[in-house]
Amino acid sequence: MPGTIDDLVASIEVELEAAHKRLKKCGAEVKLILDKAQQDGRSALTAEEDERVTELFAARDQARGDIDGIERKLANANKIKTEEMERAEQAKKVTPTETRRPSYDQVARVGTEERTYRKDADPLGKGFLMDIARQFSYQDVEAASRLARHMQEERVERAEYMQRAVGTSAFTGLTVPQYLTDMYAPATAALRPFADICNRHPLPDQGMSIEISRITTGSDAGLQATQNTAVTEQNMDDTLLSVPVKTASGQQTVSRQAIDRGTGIEDVAFQDLFNRVATRLDATLLNEAATGLTNVAQANAYTDASPTGAELYPKILGAAAGVEANLLAMGAPTHAVMHSRRWYWLSSQMSNSWPMVNFQNIPVQASATADPSSSYASGPRGVLPNGMIVVVDNNIGTAYGAGTNEDELYVVPSTECHLWEDDNAPLFIRAEQPHAASLGVLLVAYSYFAYTFGRYTNGMQKVGGTGLVTPTF
């Protein structure tokens, strides 16, 4: 059945808002690409960046055209609405009689329609979780209606995130309300400190891999022997780098009793599940076989039976020198990523000598500075004397080396730590077959991402060895 004129106007306004968001997003991404090129000191964009900027300008122009058309459509709809309101006012004009007036005025009132699941009404997501379970277990009509309405709201407000790469089994699910995905930070888990400093890109809408062209053989230049003789020629060659799209996922079984009668179960069902997905993504970036940071980074050995902070610091600078020597103008060492136990051990070291060269604003008599307002997974922990930012991440292994008691320290250029995921990092959740024999419902949460540190050989460096055994305080 056709809706009222108010419904039509509201839907056009939603369409207009979505077009404005697309326009704003295109401009923001172009600015991000230009800022990155400026930060890297490049006078021109890469071919990939140039192609992306062209696409974004085309999308921006399309969005502007859409906005013009939608605004005209909205103006026409508002004109019809005004005419209907005028007719309604005319219809309400009546000749006074002795008949008693009713106690109500029969005037319809339209207000703002709130989201189905809101932070003020359902701050911990209990209603969302219960609707998932009840719709799955009981085919509850009202729960299904609320979930359907929520998904329609997601299509309007985050349409660009609703179509994502999926496997051959059509692995689909419900988009989690965005405010709930921010709840993982307070819970106890290693989370994703390293992933949060990576160079993030929007995950492509389609496909299960991202293809990157790497120039492995560059051109050459030489001195011409004499006039009119051949000049140096070296043809460029590239190698294709294929980056797979991965799925970070987790599951847990919630009892029917907890769903039906539990209090506070949403803390476990959401926060813990989101924690594990975030932690798995970060641990994959650091530790995955062949492509994880520990396997890509070039090793710098620090071997010492009695390690000290004064001895470790030159090894960190040696790793930084390796990054710059291999990347030159394409990137600079920006971050030192280490386990929390290594950071506190460094903080415990005492010294009567100081670096010959300090970064600006680093006190002369200090070997580093710490940010007292920062805690785990809440940003940089400090700055080393050469200006590198310290990030603490407990997804770094502590069982390396022959004694299985060593950790590692990574020196990385954040611009070359590439991570593809949705801008708002949406998670999806779905209910699977119930564990009937134990009265349980299986909940699965998952998110898509892709990453690479392999655009340049030895662009990542690490420090490891017996000097990084379990510290003593």
# chains A, B, ... in the order shown; residues from 1 in each chain; ligands from 1
$ select_by_dssp --residues "range 222-462 of chain A" --states "strand (DSSP E)" --output "PyMOL selection string"
chain A and resi 237-244+246-255+298-301+335-338+369-370+382-383+389-392+409-412+418-420+428-431+440-452+461-462
$ residues_around --residues "range 370-384 of chain A" --least-positions-apart "6" --cutoff "9 Å" --atoms "only C-alpha atoms" --output "compact mmCIF listing (two decimals) with N, CA and C atoms, in the first residue's frame"
# COMPACT_ATOMS: atom_id res chain seq x y z
N ALA A 185 36.55 -1.88 24.51
CA ALA A 185 37.75 -1.31 25.14
C ALA A 185 37.86 -1.60 26.64
N ALA A 190 43.74 -8.57 24.98
CA ALA A 190 44.88 -7.91 24.34
C ALA A 190 44.45 -6.87 23.32
N LEU A 191 43.23 -7.02 22.75
CA LEU A 191 42.65 -6.07 21.82
C LEU A 191 43.54 -5.81 20.60
N ARG A 192 43.63 -4.56 20.08
CA ARG A 192 44.27 -4.32 18.79
C ARG A 192 45.11 -3.04 18.78
N PRO A 193 46.06 -2.88 19.70
CA PRO A 193 46.88 -1.65 19.71
C PRO A 193 47.68 -1.46 18.43
N PHE A 194 48.29 -2.52 17.90
CA PHE A 194 49.08 -2.39 16.68
C PHE A 194 48.18 -2.09 15.47
N ASP A 196 45.54 -0.50 15.34
CA ASP A 196 45.02 0.87 15.38
C ASP A 196 46.01 1.90 14.87
N ILE A 197 47.31 1.57 14.75
CA ILE A 197 48.27 2.53 14.20
C ILE A 197 48.57 2.23 12.73
N TYR A 313 68.87 0.17 23.48
CA TYR A 313 68.50 1.33 22.68
C TYR A 313 69.27 1.43 21.36
N HIS A 335 57.26 4.04 14.59
CA HIS A 335 56.77 3.42 15.82
C HIS A 335 57.68 2.28 16.27
N ALA A 336 57.84 2.16 17.57
CA ALA A 336 58.46 0.99 18.19
C ALA A 336 57.36 0.23 18.92
N SER A 340 54.19 -5.13 26.81
CA SER A 340 54.13 -4.25 27.98
C SER A 340 55.25 -4.54 28.96
N TRP A 343 58.28 -2.57 27.86
CA TRP A 343 58.14 -1.14 28.12
C TRP A 343 58.40 -0.83 29.59
N SER A 347 61.42 1.28 31.30
CA SER A 347 61.11 2.38 32.22
C SER A 347 61.84 2.21 33.55
N ASN A 358 69.06 14.08 20.76
CA ASN A 358 67.69 13.92 21.26
C ASN A 358 66.71 14.55 20.29
N PHE A 359 65.53 13.96 20.24
CA PHE A 359 64.45 14.55 19.46
C PHE A 359 63.98 15.83 20.16
N ILE A 362 62.36 16.40 23.88
CA ILE A 362 62.72 15.31 24.80
C ILE A 362 63.72 15.88 25.80
N VAL A 390 56.17 4.93 20.97
CA VAL A 390 56.09 3.58 21.55
C VAL A 390 54.64 3.14 21.62
N VAL A 391 54.37 1.95 21.09
CA VAL A 391 53.05 1.33 21.21
C VAL A 391 53.23 0.00 21.92
N VAL A 392 52.42 -0.24 22.92
CA VAL A 392 52.48 -1.48 23.69
C VAL A 392 51.40 -2.42 23.22
N ASP A 393 51.77 -3.68 22.92
CA ASP A 393 50.81 -4.65 22.41
C ASP A 393 51.14 -6.02 22.98
$ closest_residue --among "A:Glu84, A:Glu29, A:Asp68, A:Asp120" --to "Glu49 in chain A" --atoms "only C-alpha atoms"
A:Glu29
$ atom_distance --atom1 "CA of Leu8 in chain A" --atom2 "CA of Ile80 in chain A"
10.5 Å
$ closest_residue --among "A:Gln139, A:Ser255, A:Thr369, A:Thr226" --to "Ser438 in chain A" --atoms "only C-alpha atoms"
A:Ser255
$ atom_distance --atom1 "CA of Ile212 in chain A" --atom2 "CA of Gly322 in chain A"
23.7 Å
$ closest_residue --among "A:Ala305, A:Val156, A:Leu45, A:Leu74" --to "Met330 in chain A" --atoms "only C-alpha atoms"
A:Leu45
$ closest_residue --among "A:Ala230, A:Cys26, A:Ala437, A:Leu240" --to "Ala59 in chain A" --atoms "only C-alpha atoms"
A:Cys26
$ residues_around --residues "Phe128 in chain A" --least-positions-apart "3" --cutoff "8 Å" --atoms "only C-alpha atoms" --output "list in words"
Tyr117, Gly125, Asp131, Ile132 and Leu147 of chain A
$ write_last_selection --atoms "C-alpha atoms" --output "PDB file, in the first residue's frame"
ATOM      1  CA  TYR A 117      18.178  -0.239  19.084  1.00  0.00           C
ATOM      2  CA  GLY A 125      22.549  -4.547  23.762  1.00  0.00           C
ATOM      3  CA  ASP A 131      15.664 -10.526  19.727  1.00  0.00           C
ATOM      4  CA  ILE A 132      18.308 -12.541  17.847  1.00  0.00           C
ATOM      5  CA  LEU A 147      15.446  -6.985  13.560  1.00  0.00           C
TER       6      LEU A 147
END
$ closest_residue --among "A:Arg64, A:Lys315, A:Arg118, A:Arg87" --to "Gly467 in chain A" --atoms "only C-alpha atoms"
A:Lys315
$ atom_distance --atom1 "CA of Ala77 in chain A" --atom2 "CA of Phe57 in chain A"
29.8 Å
$ closest_residue --among "A:Ala195, A:Ala310, A:Met460, A:Met236" --to "Ala325 in chain A" --atoms "only C-alpha atoms"
A:Met460
$ residues_around --residues "Lys462 in chain A" --least-positions-apart "5" --cutoff "12 Å" --atoms "only C-alpha atoms" --output "JSON, numbers by chain"
{"A": [286, 293, 294, 295, 296, 297, 298, 299, 300, 301, 302, 312, 315, 316, 317, 318, 319, 320, 321, 322, 323, 333, 335, 336, 337, 338, 396, 407, 408, 409, 410, 411, 412, 413, 468]}
$ select_by_dssp --residues "range 173-420 of chain A" --states "helix (DSSP H, G or I)" --output "number ranges by chain"
A: 178-184, 195-197, 256-261, 265-287, 293-296, 309-330, 340-348, 414-416
$ residues_around --residues "Arg455 in chain A" --least-positions-apart "6" --cutoff "10 Å" --atoms "only C-alpha atoms" --output "PDB file with all heavy atoms, in the first residue's frame"
ATOM      1  N   ILE A 212      48.001  -5.891  -5.604  1.00  0.00           N
ATOM      2  CA  ILE A 212      48.869  -4.708  -5.590  1.00  0.00           C
ATOM      3  C   ILE A 212      50.059  -4.961  -6.505  1.00  0.00           C
ATOM      4  O   ILE A 212      50.704  -6.006  -6.423  1.00  0.00           O
ATOM      5  CB  ILE A 212      49.366  -4.399  -4.166  1.00  0.00           C
ATOM      6  CG1 ILE A 212      48.189  -4.128  -3.231  1.00  0.00           C
ATOM      7  CG2 ILE A 212      50.326  -3.213  -4.178  1.00  0.00           C
ATOM      8  CD1 ILE A 212      48.606  -3.941  -1.792  1.00  0.00           C
ATOM      9  N   SER A 213      50.358  -3.999  -7.366  1.00  0.00           N
ATOM     10  CA  SER A 213      51.523  -4.103  -8.244  1.00  0.00           C
ATOM     11  C   SER A 213      52.734  -3.522  -7.532  1.00  0.00           C
ATOM     12  O   SER A 213      52.712  -2.387  -7.070  1.00  0.00           O
ATOM     13  CB  SER A 213      51.268  -3.346  -9.555  1.00  0.00           C
ATOM     14  OG  SER A 213      52.432  -3.344 -10.355  1.00  0.00           O
ATOM     15  N   ARG A 214      53.819  -4.312  -7.440  1.00  0.00           N
ATOM     16  CA  ARG A 214      55.069  -3.867  -6.826  1.00  0.00           C
ATOM     17  C   ARG A 214      56.143  -3.727  -7.900  1.00  0.00           C
ATOM     18  O   ARG A 214      56.404  -4.687  -8.635  1.00  0.00           O
ATOM     19  CB  ARG A 214      55.555  -4.856  -5.766  1.00  0.00           C
ATOM     20  CG  ARG A 214      54.655  -4.998  -4.554  1.00  0.00           C
ATOM     21  CD  ARG A 214      55.348  -5.810  -3.486  1.00  0.00           C
ATOM     22  NE  ARG A 214      55.737  -7.128  -3.980  1.00  0.00           N
ATOM     23  CZ  ARG A 214      56.688  -7.884  -3.441  1.00  0.00           C
ATOM     24  NH1 ARG A 214      57.388  -7.424  -2.421  1.00  0.00           N
ATOM     25  NH2 ARG A 214      56.957  -9.065  -3.934  1.00  0.00           N
ATOM     26  N   ILE A 215      56.786  -2.584  -7.986  1.00  0.00           N
ATOM     27  CA  ILE A 215      57.887  -2.395  -8.926  1.00  0.00           C
ATOM     28  C   ILE A 215      59.126  -3.051  -8.322  1.00  0.00           C
ATOM     29  O   ILE A 215      59.713  -2.547  -7.352  1.00  0.00           O
ATOM     30  CB  ILE A 215      58.148  -0.909  -9.207  1.00  0.00           C
ATOM     31  CG1 ILE A 215      56.871  -0.237  -9.711  1.00  0.00           C
ATOM     32  CG2 ILE A 215      59.280  -0.742 -10.211  1.00  0.00           C
ATOM     33  CD1 ILE A 215      56.327  -0.824 -10.984  1.00  0.00           C
ATOM     34  N   THR A 216      59.526  -4.200  -8.859  1.00  0.00           N
ATOM     35  CA  THR A 216      60.676  -4.939  -8.334  1.00  0.00           C
ATOM     36  C   THR A 216      61.952  -4.661  -9.105  1.00  0.00           C
ATOM     37  O   THR A 216      63.048  -4.907  -8.606  1.00  0.00           O
ATOM     38  CB  THR A 216      60.381  -6.448  -8.352  1.00  0.00           C
ATOM     39  OG1 THR A 216      59.922  -6.811  -9.666  1.00  0.00           O
ATOM     40  CG2 THR A 216      59.297  -6.785  -7.345  1.00  0.00           C
ATOM     41  N   LEU A 240      53.176  -8.990  -8.914  1.00  0.00           N
ATOM     42  CA  LEU A 240      51.846  -8.826  -8.315  1.00  0.00           C
ATOM     43  C   LEU A 240      51.856  -9.342  -6.884  1.00  0.00           C
ATOM     44  O   LEU A 240      52.298 -10.455  -6.611  1.00  0.00           O
ATOM     45  CB  LEU A 240      50.803  -9.580  -9.133  1.00  0.00           C
ATOM     46  CG  LEU A 240      49.334  -9.256  -8.809  1.00  0.00           C
ATOM     47  CD1 LEU A 240      49.030  -7.801  -9.131  1.00  0.00           C
ATOM     48  CD2 LEU A 240      48.404 -10.187  -9.579  1.00  0.00           C
ATOM     49  N   LEU A 241      51.404  -8.498  -5.966  1.00  0.00           N
ATOM     50  CA  LEU A 241      51.255  -8.876  -4.563  1.00  0.00           C
ATOM     51  C   LEU A 241      49.769  -9.102  -4.301  1.00  0.00           C
ATOM     52  O   LEU A 241      48.967  -8.174  -4.405  1.00  0.00           O
ATOM     53  CB  LEU A 241      51.799  -7.774  -3.647  1.00  0.00           C
ATOM     54  CG  LEU A 241      51.603  -7.986  -2.140  1.00  0.00           C
ATOM     55  CD1 LEU A 241      52.326  -9.229  -1.657  1.00  0.00           C
ATOM     56  CD2 LEU A 241      52.071  -6.758  -1.363  1.00  0.00           C
ATOM     57  N   GLU A 416      53.497   2.058   5.927  1.00  0.00           N
ATOM     58  CA  GLU A 416      53.628   0.826   5.153  1.00  0.00           C
ATOM     59  C   GLU A 416      53.014  -0.373   5.856  1.00  0.00           C
ATOM     60  O   GLU A 416      53.186  -1.510   5.413  1.00  0.00           O
ATOM     61  CB  GLU A 416      55.093   0.555   4.823  1.00  0.00           C
ATOM     62  CG  GLU A 416      55.615   1.413   3.687  1.00  0.00           C
ATOM     63  CD  GLU A 416      54.797   1.252   2.415  1.00  0.00           C
ATOM     64  OE1 GLU A 416      54.474   0.099   2.048  1.00  0.00           O
ATOM     65  OE2 GLU A 416      54.458   2.270   1.783  1.00  0.00           O
ATOM     66  N   CYS A 417      52.324  -0.140   6.956  1.00  0.00           N
ATOM     67  CA  CYS A 417      51.566  -1.204   7.632  1.00  0.00           C
ATOM     68  C   CYS A 417      50.119  -1.082   7.151  1.00  0.00           C
ATOM     69  O   CYS A 417      49.314  -0.357   7.741  1.00  0.00           O
ATOM     70  CB  CYS A 417      51.655  -1.061   9.145  1.00  0.00           C
ATOM     71  SG  CYS A 417      53.329  -1.176   9.801  1.00  0.00           S
ATOM     72  N   HIS A 418      49.792  -1.761   6.079  1.00  0.00           N
ATOM     73  CA  HIS A 418      48.505  -1.560   5.405  1.00  0.00           C
ATOM     74  C   HIS A 418      47.442  -2.509   5.957  1.00  0.00           C
ATOM     75  O   HIS A 418      47.664  -3.725   6.048  1.00  0.00           O
ATOM     76  CB  HIS A 418      48.663  -1.764   3.901  1.00  0.00           C
ATOM     77  CG  HIS A 418      49.583  -0.776   3.257  1.00  0.00           C
ATOM     78  ND1 HIS A 418      49.173   0.498   2.915  1.00  0.00           N
ATOM     79  CD2 HIS A 418      50.890  -0.859   2.906  1.00  0.00           C
ATOM     80  CE1 HIS A 418      50.192   1.153   2.384  1.00  0.00           C
ATOM     81  NE2 HIS A 418      51.244   0.358   2.363  1.00  0.00           N
TER      82      HIS A 418
END
